[in-house]
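**Q** I have a structure here, written as structure tokens, and I will follow up with some questions on it.
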Amino acid sequence: MKANDARIQAVRNNASFISTLAHLNHPLMQAVRNDLASMQSNTWHLNRLYPDLRTVVNYYIDMPDVLEQLQRDVRRIDVGINGVTIQQQPGVEPFFLFQHDTLSVPMVLQGESAGTQHFMVMFPMIHYMLQSGQSGVYDEFDADLHPDLVRELLGWFHSHERNPIGAQIFLTMHNVAALQDLEKEEVFLVEKSLEGATTIYGAQDVEGLRRDVSLERKYRSGALGALPNIG
Amino acid sequence: MVRRRPVRPARKRVFIGTEGRSEAAFAAFLQDLCNEHDRHLHLDIYIGSGGAPISIFKESSKRRKIGRGDGTYVASLCVMDRHEFDRDARRQEIQNLANREGPYLILLAPNFEGLLVRLFAGNETRQISAAIAQTELRKLWPDYQKPPLAKELKERFSLADLRRAALHDEDLDRLLRVVRLS
């Protein structure tokens, strides 16, 4: 390609390498760009997205197979819920009803714990990723969730049965217990200085970190750094 | 594919039991300096609940035992005010325990605020009493609030300030040596 090639003139000065080559019809980069563009995320720019309840309910109405899978999973993860239905009546916005083992009347979503509410919102995205093999980015994955539930959800991504196409999830969380199930190559640690500057590094970059030790214990011991410096 | 070589040494652990929030903030300030200067140390800081020197020491000693469950410490320290220690009837008992079992005693002379006074350039050899330490400190640091935040200590003092004061303060010098900042 020569300097005066018209294709160079078409390149924006703020375009990435991937975007530029995709724009020039490079097949591999087009595939990468399309993949990146269709990544699932609960963030937009620097903020977390909070889908409104109507959107979530309508998604489950439109996707009965997702609701069916949810029914199975919600019973399995032992949050005391025996089933979820969507109540649809003329003139009223559709809403969730949760049947509990120990309650004689069903409960609306607003009456459920923050963890259950979060799970209901995150489940469609996780389900879609696992079914389609799409990658995703999830901020504060563990918000309001029990540590063992977080481990279970991460287990879905490690499972060939549950994740046959190999979807990858990039997530942030503070749940130290989840380190038990992760390999050092999967973990990146974030350390903040007193001035607020952030350093990110891989657990794999820490010398002498063996595979047969608990990453959680190593992290808690301070050997990996990135513990809050409280004072 | 060539395997990447690890580039960050695992951090060694140092236990620092403190008398209260001021000393803990000071230890957190040291932790930040350790990170900044790649000293590869984790300071396991225990914030004590104050009281008599023997209580502070025993509380630190107990927390150190619990903390050992997460891994070994390359050093263990207990930081408290010299003023309170020197006038305590059980100081010899504390010293004996420290010598025999640790953690090692680091005494701030005459107290935390007295140490901060000596961190200001030109004040490193000042000997002031505990009674006026806070008043003297406020002359140098008018908006000082007790307990300070580690962030405020970092804004106010540098490693050079610590090292200069340590030239005239054996305990501070020992503390800096243990945390690899001397």
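Please note that chains go A, B, ... in the order of the structure tokens, that every chain numbers its residues from 1, and that ligands are numbered from 1 in the order shown.
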Based on only C-alpha atoms, which of the residues in chain A come within 7 Å of chain B? I want them as a PyMOL selection string.

**A** chain A and resi 193-194+204-207+217+220-225+229-231

**Q** Would you mind listing what lies within 12 Å of His23 in chain A as a PyMOL selection string, with only C-alpha atoms counted and same-chain residues fewer than 2 positions away left out?

**A** chain A and resi 7-8+10-12+15-21+25-34

**Q** Would you return as a ChimeraX atom specification the members of range 34-77 of chain B that DSSP assigns to strand (DSSP E) on this structure's backbone?

**A** /B:41-47,75-77

**Q** Among range 70-158 of chain B, which residues does DSSP mark as alpha helix (DSSP H) when it is run on the backbone? Keep the chain and numbering as in the structure and answer as a VMD selection string.

**A** chain B and resid 82 to 86 91 to 101 112 to 119 130 to 140 150 to 156

**Q** Go through B:Ala165, B:Ala109, B:Val178, B:Ala98 and flag the residue nearest Arg82 in chain B, using only C-alpha atoms for the distances.

**A** B:Ala109

**Q** Near Leu175 in chain B, within 10 Å and counting only C-alpha atoms, which residues show up once chain neighbours fewer than 3 positions away are dropped, as a list in words?

**A**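 In the requested format, the answer is Ile16, Ala27, Leu30, Leu77, Val79, Tyr104, Leu105, Ile106, Leu107, Ala166, Glu170, Asp171, Leu172, Val178, Val179, Arg180, Leu181 and Ser182 of chain B.
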